[in-house]
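Structure file entry-v8.cif (mmCIF, C-alpha atoms) is printed below.
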```cif
data_my_file
#
loop_
_atom_site.label_atom_id
_atom_site.label_comp_id
_atom_site.auth_asym_id
_atom_site.auth_seq_id
_atom_site.Cartn_x
_atom_site.Cartn_y
_atom_site.Cartn_z
CA MET A 1 -50.17 -154.37 -187.51
CA THR A 2 -48.84 -155.06 -184.05
CA ILE A 3 -50.02 -152.77 -181.27
CA HIS A 4 -46.39 -152.35 -180.27
CA ARG A 5 -45.64 -150.56 -183.56
CA LEU A 6 -48.57 -148.21 -183.03
CA SER A 7 -46.96 -147.21 -179.73
CA VAL A 8 -43.63 -146.61 -181.43
CA TYR A 9 -45.20 -144.43 -184.13
CA THR A 10 -47.07 -142.45 -181.49
CA ARG A 11 -43.76 -141.69 -179.74
CA CYS A 12 -42.15 -140.61 -183.01
CA LEU A 13 -45.07 -138.30 -183.78
CA LEU A 14 -44.96 -136.78 -180.28
CA GLN A 15 -41.28 -136.07 -180.82
CA LEU A 16 -41.93 -134.54 -184.25
CA GLU A 17 -44.65 -132.35 -182.78
CA GLU A 18 -42.25 -131.16 -180.06
CA ASP A 19 -39.74 -130.37 -182.79
CA GLY A 20 -42.34 -128.27 -184.62
CA VAL A 21 -42.69 -130.62 -187.61
CA LYS A 22 -46.17 -130.31 -189.21
CA THR A 23 -46.09 -132.99 -191.93
CA ILE A 24 -43.85 -135.98 -192.59
CA SER A 25 -43.56 -138.69 -195.22
CA SER A 26 -43.23 -142.33 -194.21
CA GLN A 27 -39.71 -142.34 -195.70
CA GLU A 28 -38.61 -139.33 -193.63
CA MET A 29 -40.12 -140.87 -190.52
CA ALA A 30 -38.29 -144.16 -191.17
CA ASP A 31 -34.97 -142.35 -191.72
CA ARG A 32 -35.31 -140.10 -188.74
CA PHE A 33 -36.25 -142.80 -186.26
CA ASN A 34 -34.24 -145.59 -187.80
CA LEU A 35 -37.29 -147.72 -188.67
CA ASN A 36 -37.90 -150.15 -191.54
CA SER A 37 -39.20 -147.87 -194.29
CA ALA A 38 -41.24 -150.52 -196.15
CA GLN A 39 -42.94 -151.39 -192.86
CA VAL A 40 -43.65 -147.77 -191.97
CA ARG A 41 -45.09 -147.11 -195.44
CA LYS A 42 -47.34 -150.15 -195.22
CA ASP A 43 -48.46 -149.45 -191.66
CA LEU A 44 -49.22 -145.78 -192.18
CA ALA A 45 -51.14 -146.53 -195.37
CA TYR A 46 -53.96 -147.66 -193.04
CA PHE A 47 -54.27 -144.04 -192.03
CA GLY A 48 -54.45 -142.62 -195.54
CA GLU A 49 -57.05 -140.10 -194.47
CA PHE A 50 -54.34 -138.26 -192.51
CA GLY A 51 -52.10 -138.11 -195.56
CA VAL A 52 -51.65 -135.51 -198.27
CA ARG A 53 -50.52 -136.81 -201.63
CA GLY A 54 -46.89 -135.92 -202.31
CA ILE A 55 -46.35 -134.49 -198.84
CA GLY A 56 -46.96 -137.20 -196.32
CA TYR A 57 -48.97 -137.22 -193.14
CA TYR A 58 -50.25 -134.49 -190.85
CA VAL A 59 -48.29 -135.08 -187.65
CA ALA A 60 -50.95 -133.74 -185.25
CA GLY A 61 -53.88 -135.54 -186.89
CA LEU A 62 -52.13 -138.87 -187.21
CA LYS A 63 -50.82 -138.68 -183.64
CA ALA A 64 -54.31 -137.96 -182.27
CA GLU A 65 -55.77 -140.89 -184.23
CA LEU A 66 -53.12 -143.34 -183.00
CA GLN A 67 -53.60 -142.12 -179.43
CA ARG A 68 -57.34 -142.66 -179.77
CA ILE A 69 -56.81 -146.22 -181.06
CA LEU A 70 -54.40 -146.96 -178.21
CA GLY A 71 -56.85 -145.58 -175.66
CA LEU A 72 -54.43 -142.77 -174.81
CA ASP A 73 -57.03 -140.07 -175.33
CA ARG A 74 -58.13 -140.52 -171.72
CA GLN A 75 -56.70 -141.02 -168.22
CA TRP A 76 -56.38 -144.57 -166.87
CA PRO A 77 -56.18 -144.93 -163.11
CA VAL A 78 -53.94 -147.90 -162.25
CA VAL A 79 -53.46 -149.90 -159.07
CA LEU A 80 -49.87 -150.89 -158.27
CA ILE A 81 -49.50 -154.14 -156.34
CA GLY A 82 -46.27 -154.36 -154.38
CA PHE A 83 -44.14 -151.47 -153.20
CA GLY A 84 -40.71 -153.02 -152.90
CA ASN A 85 -37.76 -151.95 -155.07
CA LEU A 86 -39.50 -152.70 -158.33
CA GLY A 87 -42.82 -151.20 -157.22
CA SER A 88 -41.08 -148.01 -156.09
CA ALA A 89 -39.18 -147.79 -159.35
CA LEU A 90 -42.41 -148.22 -161.33
CA PHE A 91 -44.22 -145.67 -159.17
CA HIS A 92 -41.56 -143.07 -159.99
CA TYR A 93 -41.30 -144.09 -163.65
CA LYS A 94 -42.09 -140.93 -165.59
CA GLY A 95 -43.19 -142.67 -168.77
CA PHE A 96 -46.52 -143.93 -167.40
CA GLY A 97 -47.89 -140.52 -166.52
CA ARG A 98 -46.89 -139.09 -169.87
CA GLN A 99 -49.15 -141.60 -171.62
CA GLY A 100 -52.12 -141.03 -169.33
CA PHE A 101 -51.55 -143.86 -166.85
CA ARG A 102 -51.84 -142.63 -163.29
CA ILE A 103 -51.10 -144.82 -160.29
CA ALA A 104 -54.13 -144.12 -158.12
CA ALA A 105 -53.58 -146.67 -155.36
CA ILE A 106 -50.78 -148.87 -154.05
CA VAL A 107 -51.34 -152.21 -152.36
CA ASP A 108 -48.74 -153.63 -149.98
CA ASP A 109 -49.16 -155.71 -146.84
CA ASP A 110 -45.95 -154.52 -145.19
CA PRO A 111 -47.14 -152.89 -141.92
CA GLY A 112 -44.44 -150.26 -142.34
CA LYS A 113 -45.98 -149.15 -145.63
CA VAL A 114 -49.72 -149.57 -145.17
CA ALA A 115 -51.97 -146.65 -144.31
CA ARG A 116 -49.54 -144.00 -145.36
CA GLU A 117 -49.47 -141.99 -148.57
CA VAL A 118 -46.74 -141.70 -151.19
CA GLU A 119 -46.99 -138.39 -153.02
CA SER A 120 -50.72 -138.27 -152.16
CA VAL A 121 -51.34 -141.83 -153.37
CA PRO A 122 -52.75 -144.10 -150.64
CA VAL A 123 -51.05 -147.36 -149.69
CA VAL A 124 -53.60 -149.96 -148.57
CA ALA A 125 -53.43 -153.57 -147.41
CA SER A 126 -54.56 -156.28 -149.81
CA ARG A 127 -57.75 -156.86 -147.80
CA ASP A 128 -58.83 -153.36 -148.95
CA LEU A 129 -57.84 -153.93 -152.57
CA ALA A 130 -61.35 -154.52 -153.92
CA ARG A 131 -62.74 -151.48 -152.15
CA GLU A 132 -60.07 -149.18 -153.63
CA VAL A 133 -60.40 -150.63 -157.12
CA ARG A 134 -64.16 -150.10 -157.13
CA ALA A 135 -64.13 -146.69 -155.47
CA ARG A 136 -61.60 -145.36 -157.95
CA GLY A 137 -62.97 -147.05 -161.07
CA ILE A 138 -59.66 -148.83 -161.70
CA GLN A 139 -59.49 -151.32 -164.58
CA ILE A 140 -55.72 -151.82 -164.90
CA ALA A 141 -53.31 -153.35 -162.35
CA ILE A 142 -49.52 -153.60 -162.31
CA VAL A 143 -48.25 -156.64 -160.40
CA ALA A 144 -44.78 -156.13 -158.90
CA VAL A 145 -44.69 -158.69 -156.09
CA PRO A 146 -42.45 -161.76 -155.62
CA ALA A 147 -43.34 -164.79 -157.71
CA ASP A 148 -45.04 -166.74 -154.90
CA ALA A 149 -47.36 -163.84 -154.02
CA ALA A 150 -48.40 -163.16 -157.60
CA GLN A 151 -51.20 -165.69 -158.17
CA PRO A 152 -53.10 -165.00 -154.91
CA VAL A 153 -53.11 -161.26 -155.54
CA THR A 154 -54.08 -161.82 -159.17
CA ASP A 155 -57.08 -163.83 -158.02
CA GLN A 156 -58.03 -160.92 -155.78
CA LEU A 157 -57.64 -158.48 -158.66
CA VAL A 158 -59.88 -160.58 -160.88
CA GLY A 159 -62.43 -160.79 -158.08
CA ALA A 160 -62.35 -157.02 -157.72
CA GLY A 161 -63.23 -156.59 -161.39
CA ILE A 162 -59.81 -155.66 -162.81
CA ARG A 163 -59.81 -156.14 -166.59
CA ALA A 164 -56.13 -155.87 -167.52
CA ILE A 165 -52.93 -156.85 -165.70
CA LEU A 166 -49.33 -155.95 -166.43
CA ASN A 167 -47.26 -158.59 -164.68
CA PHE A 168 -43.62 -158.12 -163.69
CA ALA A 169 -43.51 -161.13 -161.35
CA PRO A 170 -41.57 -164.07 -162.79
CA ALA A 171 -44.65 -166.30 -162.54
CA ARG A 172 -47.07 -167.74 -165.08
CA LEU A 173 -50.37 -166.33 -163.92
CA LYS A 174 -53.79 -167.82 -164.57
CA VAL A 175 -56.58 -165.38 -165.38
CA PRO A 176 -60.03 -165.87 -166.85
CA ARG A 177 -60.37 -165.40 -170.61
CA GLU A 178 -61.98 -161.95 -170.29
CA VAL A 179 -59.02 -160.50 -168.37
CA ARG A 180 -56.04 -159.30 -170.46
CA LEU A 181 -52.67 -160.35 -169.10
CA GLN A 182 -49.39 -158.88 -170.35
CA ASN A 183 -46.19 -160.35 -168.94
CA VAL A 184 -43.02 -158.29 -168.87
CA ASP A 185 -39.88 -160.38 -169.09
CA LEU A 186 -36.93 -158.05 -168.77
CA SER A 187 -34.38 -160.70 -169.69
CA ILE A 188 -35.82 -160.99 -173.21
CA GLU A 189 -34.44 -157.53 -173.91
CA LEU A 190 -30.99 -158.63 -172.80
CA GLU A 191 -31.22 -161.66 -175.08
CA THR A 192 -31.59 -159.40 -178.10
CA LEU A 193 -28.21 -157.95 -177.17
CA SER A 194 -26.50 -161.28 -176.50
CA PHE A 195 -27.87 -162.49 -179.85
CA TYR A 196 -26.01 -159.74 -181.68
CA LEU A 197 -22.85 -160.16 -179.63
CA ALA A 198 -22.90 -163.92 -180.22
CA GLN A 199 -23.36 -163.40 -183.98
CA GLY A 200 -20.46 -160.98 -184.02
CA SER A 201 -18.11 -163.38 -182.26
CA ARG A 202 -18.65 -166.23 -184.75
CA MET B 14 -38.01 -164.30 -187.60
CA THR B 15 -37.74 -161.74 -184.81
CA ILE B 16 -35.20 -162.39 -182.09
CA HIS B 17 -37.97 -161.79 -179.58
CA ARG B 18 -39.83 -164.89 -180.78
CA LEU B 19 -36.70 -167.00 -180.44
CA SER B 20 -36.60 -165.94 -176.79
CA VAL B 21 -40.24 -166.89 -176.32
CA TYR B 22 -39.74 -170.34 -177.88
CA THR B 23 -36.69 -170.91 -175.69
CA ARG B 24 -38.80 -170.22 -172.60
CA CYS B 25 -41.51 -172.62 -173.79
CA LEU B 26 -38.95 -175.35 -174.43
CA LEU B 27 -37.36 -174.83 -171.01
CA GLN B 28 -40.79 -175.24 -169.46
CA LEU B 29 -41.50 -178.37 -171.52
CA GLU B 30 -38.15 -179.84 -170.46
CA GLU B 31 -39.00 -179.15 -166.80
CA ASP B 32 -42.32 -180.90 -167.35
CA GLY B 33 -40.51 -183.94 -168.75
CA VAL B 34 -41.76 -183.53 -172.34
CA LYS B 35 -39.31 -185.06 -174.84
CA THR B 36 -40.87 -184.17 -178.21
CA ILE B 37 -43.53 -181.68 -179.27
CA SER B 38 -45.27 -180.68 -182.50
CA SER B 39 -45.57 -177.03 -183.48
CA GLN B 40 -49.36 -177.32 -183.08
CA GLU B 41 -49.08 -178.68 -179.52
CA MET B 42 -46.60 -175.97 -178.65
CA ALA B 43 -48.90 -173.28 -180.02
CA ASP B 44 -51.89 -174.70 -178.11
CA ARG B 45 -50.02 -175.13 -174.88
CA PHE B 46 -48.45 -171.67 -174.79
CA ASN B 47 -51.25 -169.82 -176.52
CA LEU B 48 -49.18 -168.85 -179.55
CA ASN B 49 -50.14 -168.33 -183.20
CA SER B 50 -49.89 -171.85 -184.64
CA ALA B 51 -49.18 -170.79 -188.26
CA GLN B 52 -46.36 -168.59 -186.99
CA VAL B 53 -44.90 -171.31 -184.77
CA ARG B 54 -45.03 -173.83 -187.62
CA LYS B 55 -43.28 -171.42 -189.98
CA ASP B 56 -40.66 -170.35 -187.46
CA LEU B 57 -39.77 -173.84 -186.27
CA ALA B 58 -39.50 -175.06 -189.87
CA TYR B 59 -36.13 -173.30 -189.93
CA PHE B 60 -34.97 -175.89 -187.42
CA GLY B 61 -36.11 -178.92 -189.40
CA GLU B 62 -33.02 -180.85 -188.41
CA PHE B 63 -34.40 -181.08 -184.86
CA GLY B 64 -37.69 -182.44 -186.09
CA VAL B 65 -38.95 -185.96 -186.60
CA ARG B 66 -41.58 -186.44 -189.27
CA GLY B 67 -44.99 -187.11 -187.76
CA ILE B 68 -43.81 -186.47 -184.21
CA GLY B 69 -42.50 -182.93 -183.98
CA TYR B 70 -39.34 -181.56 -182.50
CA TYR B 71 -36.88 -182.87 -179.96
CA VAL B 72 -37.33 -180.48 -177.03
CA ALA B 73 -33.75 -180.73 -175.71
CA GLY B 74 -32.05 -180.41 -179.10
CA LEU B 75 -34.18 -177.52 -180.30
CA LYS B 76 -33.77 -175.70 -176.98
CA ALA B 77 -29.99 -176.05 -177.08
CA GLU B 78 -29.88 -174.76 -180.65
CA LEU B 79 -32.03 -171.70 -179.86
CA GLN B 80 -29.91 -170.97 -176.80
CA ARG B 81 -26.78 -171.16 -178.92
CA ILE B 82 -28.24 -168.72 -181.47
CA LEU B 83 -29.26 -166.33 -178.71
CA GLY B 84 -25.82 -166.50 -177.15
CA LEU B 85 -27.26 -168.16 -174.04
CA ASP B 86 -24.80 -171.05 -174.15
CA ARG B 87 -22.33 -168.95 -172.15
CA GLN B 88 -22.18 -166.55 -169.19
CA TRP B 89 -22.34 -162.80 -169.88
CA PRO B 90 -20.94 -160.56 -167.16
CA VAL B 91 -22.96 -157.32 -167.08
CA VAL B 92 -22.26 -153.92 -165.51
CA LEU B 93 -25.25 -152.22 -163.89
CA ILE B 94 -25.17 -148.42 -163.96
CA GLY B 95 -27.26 -146.83 -161.22
CA PHE B 96 -28.29 -148.43 -157.95
CA GLY B 97 -31.44 -146.52 -157.05
CA ASN B 98 -34.87 -148.17 -156.87
CA LEU B 99 -34.79 -149.43 -160.44
CA GLY B 100 -31.15 -150.53 -160.25
CA SER B 101 -31.85 -152.45 -157.03
CA ALA B 102 -34.91 -154.07 -158.55
CA LEU B 103 -32.92 -155.12 -161.63
CA PHE B 104 -30.07 -156.41 -159.48
CA HIS B 105 -32.46 -158.70 -157.63
CA TYR B 106 -34.39 -159.67 -160.77
CA LYS B 107 -34.13 -163.46 -160.96
CA GLY B 108 -34.70 -163.74 -164.68
CA PHE B 109 -31.31 -162.38 -165.71
CA GLY B 110 -29.25 -164.99 -163.92
CA ARG B 111 -31.41 -167.81 -165.24
CA GLN B 112 -30.46 -166.86 -168.81
CA GLY B 113 -26.75 -166.54 -168.08
CA PHE B 114 -26.55 -162.80 -167.44
CA ARG B 115 -24.62 -162.06 -164.26
CA ILE B 116 -24.26 -158.58 -162.83
CA ALA B 117 -20.54 -158.46 -162.15
CA ALA B 118 -20.15 -154.80 -161.15
CA ILE B 119 -22.39 -151.91 -160.09
CA VAL B 120 -21.58 -148.26 -160.77
CA ASP B 121 -23.06 -145.51 -158.61
CA ASP B 122 -21.60 -142.19 -157.52
CA ASP B 123 -23.62 -141.97 -154.30
CA PRO B 124 -20.94 -141.82 -151.54
CA GLY B 125 -23.23 -143.94 -149.35
CA LYS B 126 -23.12 -146.76 -151.91
CA VAL B 127 -19.62 -146.64 -153.37
CA ALA B 128 -16.87 -148.97 -152.20
CA ARG B 129 -19.17 -151.47 -150.60
CA GLU B 130 -20.35 -154.79 -151.93
CA VAL B 131 -23.88 -156.04 -152.58
CA GLU B 132 -24.03 -159.81 -152.38
CA SER B 133 -20.30 -159.96 -153.24
CA VAL B 134 -20.71 -157.62 -156.24
CA PRO B 135 -18.55 -154.48 -155.97
CA VAL B 136 -20.08 -151.00 -156.19
CA VAL B 137 -17.65 -148.53 -157.77
CA ALA B 138 -17.76 -144.84 -158.67
CA SER B 139 -18.11 -143.90 -162.33
CA ARG B 140 -14.48 -142.80 -162.51
CA ASP B 141 -13.56 -146.47 -162.03
CA LEU B 142 -16.06 -147.73 -164.60
CA ALA B 143 -13.56 -148.33 -167.42
CA ARG B 144 -11.19 -150.19 -165.13
CA GLU B 145 -13.94 -152.58 -163.92
CA VAL B 146 -15.30 -153.17 -167.40
CA ARG B 147 -11.88 -154.10 -168.76
CA ALA B 148 -10.76 -156.14 -165.76
CA ARG B 149 -13.95 -158.21 -165.86
CA GLY B 150 -14.25 -158.54 -169.63
CA ILE B 151 -17.70 -156.96 -169.58
CA GLN B 152 -19.40 -156.28 -172.94
CA ILE B 153 -22.97 -155.55 -171.81
CA ALA B 154 -24.23 -152.64 -169.66
CA ILE B 155 -27.64 -151.93 -168.12
CA VAL B 156 -28.34 -148.21 -167.72
CA ALA B 157 -30.74 -147.44 -164.85
CA VAL B 158 -29.94 -143.82 -164.02
CA PRO B 159 -32.13 -140.69 -164.28
CA ALA B 160 -32.59 -139.26 -167.78
CA ASP B 161 -30.11 -136.40 -167.39
CA ALA B 162 -27.31 -138.71 -166.23
CA ALA B 163 -27.82 -141.25 -169.01
CA GLN B 164 -25.86 -139.74 -171.93
CA PRO B 165 -22.68 -138.91 -169.95
CA VAL B 166 -22.48 -142.41 -168.51
CA THR B 167 -23.24 -143.90 -171.92
CA ASP B 168 -20.30 -141.99 -173.39
CA GLN B 169 -18.14 -143.43 -170.63
CA LEU B 170 -19.42 -146.93 -171.37
CA VAL B 171 -18.62 -146.56 -175.06
CA GLY B 172 -15.17 -145.26 -174.17
CA ALA B 173 -14.61 -148.28 -171.94
CA GLY B 174 -15.34 -150.63 -174.83
CA ILE B 175 -18.91 -151.72 -173.96
CA ARG B 176 -20.58 -153.26 -177.03
CA ALA B 177 -24.23 -153.49 -176.01
CA ILE B 178 -26.44 -151.32 -173.78
CA LEU B 179 -29.87 -152.01 -172.31
CA ASN B 180 -31.29 -148.59 -171.48
CA PHE B 181 -34.08 -148.04 -168.95
CA ALA B 182 -33.57 -144.27 -168.70
CA PRO B 183 -36.27 -142.25 -170.46
CA ALA B 184 -33.69 -140.61 -172.71
CA ARG B 185 -32.77 -140.98 -176.37
CA LEU B 186 -29.14 -142.03 -176.19
CA LYS B 187 -26.54 -141.53 -178.89
CA VAL B 188 -24.09 -144.35 -179.44
CA PRO B 189 -21.69 -145.12 -182.27
CA ARG B 190 -22.91 -147.47 -184.97
CA GLU B 191 -20.94 -150.44 -183.67
CA VAL B 192 -22.59 -150.35 -180.23
CA ARG B 193 -25.99 -152.05 -179.90
CA LEU B 194 -28.57 -150.04 -177.99
CA GLN B 195 -31.84 -151.52 -176.77
CA ASN B 196 -34.30 -149.14 -175.11
CA VAL B 197 -36.85 -150.46 -172.65
CA ASP B 198 -40.02 -148.40 -172.57
CA LEU B 199 -42.24 -149.86 -169.88
CA SER B 200 -45.26 -147.78 -170.81
CA ILE B 201 -45.49 -149.50 -174.21
CA GLU B 202 -46.59 -152.62 -172.37
CA LEU B 203 -49.35 -150.70 -170.63
CA GLU B 204 -50.51 -149.32 -173.97
CA THR B 205 -51.16 -152.82 -175.23
CA LEU B 206 -53.61 -153.16 -172.36
CA SER B 207 -55.28 -149.78 -172.82
CA PHE B 208 -55.65 -150.63 -176.52
CA TYR B 209 -57.75 -153.68 -175.68
CA LEU B 210 -59.76 -151.89 -173.01
CA ALA B 211 -60.43 -149.00 -175.41
CA GLN B 212 -61.54 -151.43 -178.14
CA GLY B 213 -63.86 -153.15 -175.70
CA SER B 214 -65.50 -149.92 -174.64
CA ARG B 215 -66.39 -148.83 -178.19
#
```
Output the structure of this file as structure tokens.
Amino acid sequence: MTIHRLSVYTRCLLQLEEDGVKTISSQEMADRFNLNSAQVRKDLAYFGEFGVRGIGYYVAGLKAELQRILGLDRQWPVVLIGFGNLGSALFHYKGFGRQGFRIAAIVDDDPGKVAREVESVPVVASRDLAREVRARGIQIAIVAVPADAAQPVTDQLVGAGIRAILNFAPARLKVPREVRLQNVDLSIELETLSFYLAQGSR
Amino acid sequence: MTIHRLSVYTRCLLQLEEDGVKTISSQEMADRFNLNSAQVRKDLAYFGEFGVRGIGYYVAGLKAELQRILGLDRQWPVVLIGFGNLGSALFHYKGFGRQGFRIAAIVDDDPGKVAREVESVPVVASRDLAREVRARGIQIAIVAVPADAAQPVTDQLVGAGIRAILNFAPARLKVPREVRLQNVDLSIELETLSFYLAQGSR
């Protein structure tokens, strides 16, 4: 099962919980959230222990188990590298906090930004990156700098002991095998749309 | 095959073309881009006509075919809704233009932003949205407004004839069946990382 689907199911279960739903069958979940029902049935079968024959799954129990698997049963302090337009947008992005990701430090070398705080989060220069990462026990970094600045700062992050990097810079970063790198390519999402439009126009 | 994987292969082939590679086997492609080789072999088998037995695939031919399928063999004018931090970041995001997506109009109701141009792209108020969309033949919209503003502007987009929406707002939007909606949830990418970190710490 892809990790991505676990995240999607977790969101569905959170929504169901908010709506006061206690149990749900895989078929109902597929219908309600417009998912592939065969896939949902197969995926959730892994979590049979949270199911009740003829009824479905306990929403609260299944949600808690998926959150545990995804590491969302704890808080993750995150360092944000780059505080330009994209960095600011990510800092204010509500979705991170909701899942337990908390931006604990911001790194930017712009003299107009360094040494101040944004909503109580310190902005430090890259020479202080390692110190902040260690002092705050940070394992995850978000890279939101221009392409040409991305590899040098990534090398610094690796040196500081960062174990996972979410990269928004349009650059192919090199990291050692033990560091997890996830690249976000926003244009891929647009291509899904152009695919459908192109199919429709043929 | 998922559309997402078509996008990934297209990027690999573009890179190979830049590097002057003329033909490649599925195994080489998997090795070089760190992909699942069984998956690559299976996926590319659909495009057998671009293959040469014992050699692999013609990079240029296969790339052009994937681009055609993804609708990337043309220009897509796009309307960007919202010009705050995220909207600005998306406007300056280089990846869109490279794939043929061109932001042709920006919609924002902030009086300080309306009626000016950003790099020759007009910023208009939402009351002029429909006019711009029709005049420019725009079919795709990117929604980058706060959650509470997302549904009203989406209704306007649908009314203006928009056929596909990429939504960054943390809101569950309702659109008619014939309009394609793609939601971007940036925290899902972070969860892939926390999943691996959580596994490692058990």
Practice prompt. Could you please tell me, as a ChimeraX atom specification, which residues of chain B have an atom within 9 Å of chain A when using all atoms listed in the file?
Written response: /B:16-17,20-21,81-85,89,97-103,105-112,114,152-153,155,176-179,183,193-212
Worksheet item: Rounded to one decimal in Å, what is the spacing between CA of Thr154 in chain A and CA of Ile81 in chain A?
Response: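 Calculated distance between CA of Thr154 in chain A and CA of Ile81 in chain A is 9.4 Å.
Interatomic distance, CA of Val59 in chain A to CA of Gly213 in chain B: 26.7 Å.
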Worksheet item: For Arg41 in chain A, which residue out of A:Ser25, A:Ser126, A:Thr10, A:Gln15 is the nearest one, using all atoms listed in the file?
Response: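 Using all atoms listed in the file, Arg41 in chain A sits closest to A:Ser25.
With CA of Tyr57 in chain A on one side and CA of Asn34 in chain A on the other, the separation reads 17.8 Å.
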Write out as a CSV table (one decimal) with C-alpha atoms, keeping the file's coordinate frame the residues lying within 8 Å of Asp122 in chain B, counting all atoms listed in the file and excluding same-chain residues fewer than 4 positions away.
```csv
chain,number,residue,atom,x,y,z
B,126,LYS,CA,-23.1,-146.8,-151.9
B,127,VAL,CA,-19.6,-146.6,-153.4
B,137,VAL,CA,-17.6,-148.5,-157.8
B,138,ALA,CA,-17.8,-144.8,-158.7
B,139,SER,CA,-18.1,-143.9,-162.3
```
Fill in: Radius query 7 Å about (-44.7, -136.2, -191.4), atoms used: all atoms listed in the file, as number ranges by chain
A: 22-26, 29, 56-59
Worksheet entry | Selection dump of the PyMOL selection byres ((chain B and resi 60) around 10), as a list of chain:residue names |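 On this input, the PyMOL selection byres ((chain B and resi 60) around 10) captures B:Lys55, B:Asp56, B:Leu57, B:Ala58, B:Tyr59, B:Gly61, B:Glu62, B:Phe63, B:Gly64, B:Tyr70, B:Gly74, B:Leu75, B:Glu78, B:Leu79.
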Worksheet entry | Best match for closeness to Gly54 in chain A among A:Pro152, A:Asp128, A:Pro122, A:Gln27, counting all atoms listed in the file |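 Smallest separation from Gly54 in chain A among the options: A:Gln27.
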Fill in: Option closest in space to Leu173 in chain A, from A:Asp148, A:Arg32, A:Phe83, A:Glu117 [counting all atoms listed in the file]
A:Asp148
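Against the coordinates shown, the PyMOL selection byres ((chain A and resi 137) around 10) returns Trp76, Pro77, Val78, Ala104, Arg131, Glu132, Val133, Arg134, Ala135, Arg136, Ile138, Gln139, Ile140, Gly161 and Ile162 of chain A.
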Would you save the residues of that selection, restricted to C-alpha atoms, as a short mmCIF file (atom, residue, chain, number, x, y, z; two decimals), in the frame of the given file?
```cif
data_model
loop_
_atom_site.label_atom_id
_atom_site.label_comp_id
_atom_site.auth_asym_id
_atom_site.auth_seq_id
_atom_site.Cartn_x
_atom_site.Cartn_y
_atom_site.Cartn_z
CA TRP A 76 -56.38 -144.57 -166.87
CA PRO A 77 -56.18 -144.93 -163.11
CA VAL A 78 -53.94 -147.90 -162.25
CA ALA A 104 -54.13 -144.12 -158.12
CA ARG A 131 -62.74 -151.48 -152.15
CA GLU A 132 -60.07 -149.18 -153.63
CA VAL A 133 -60.40 -150.63 -157.12
CA ARG A 134 -64.16 -150.10 -157.13
CA ALA A 135 -64.13 -146.69 -155.47
CA ARG A 136 -61.60 -145.36 -157.95
CA ILE A 138 -59.66 -148.83 -161.70
CA GLN A 139 -59.49 -151.32 -164.58
CA ILE A 140 -55.72 -151.82 -164.90
CA GLY A 161 -63.23 -156.59 -161.39
CA ILE A 162 -59.81 -155.66 -162.81
#
```
Worksheet item: Taking only C-alpha atoms into account, which of B:Ile116, B:Arg190, B:Gln164, B:Leu27 comes nearest Ala77 in chain B?
Response: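 Of all the options, B:Leu27 lies closest to Ala77 in chain B.
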Practice prompt. May I have the residues at most 6 Å from (-60.2, -158.3, -155.3) in the file's coordinates, counting only C-alpha atoms, as a list of chain:residue names?
Written response: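 Neighbouring residues, ordered by chain and number, come to A:Leu129, A:Ala130, A:Gln156, A:Leu157, A:Gly159, A:Ala160.
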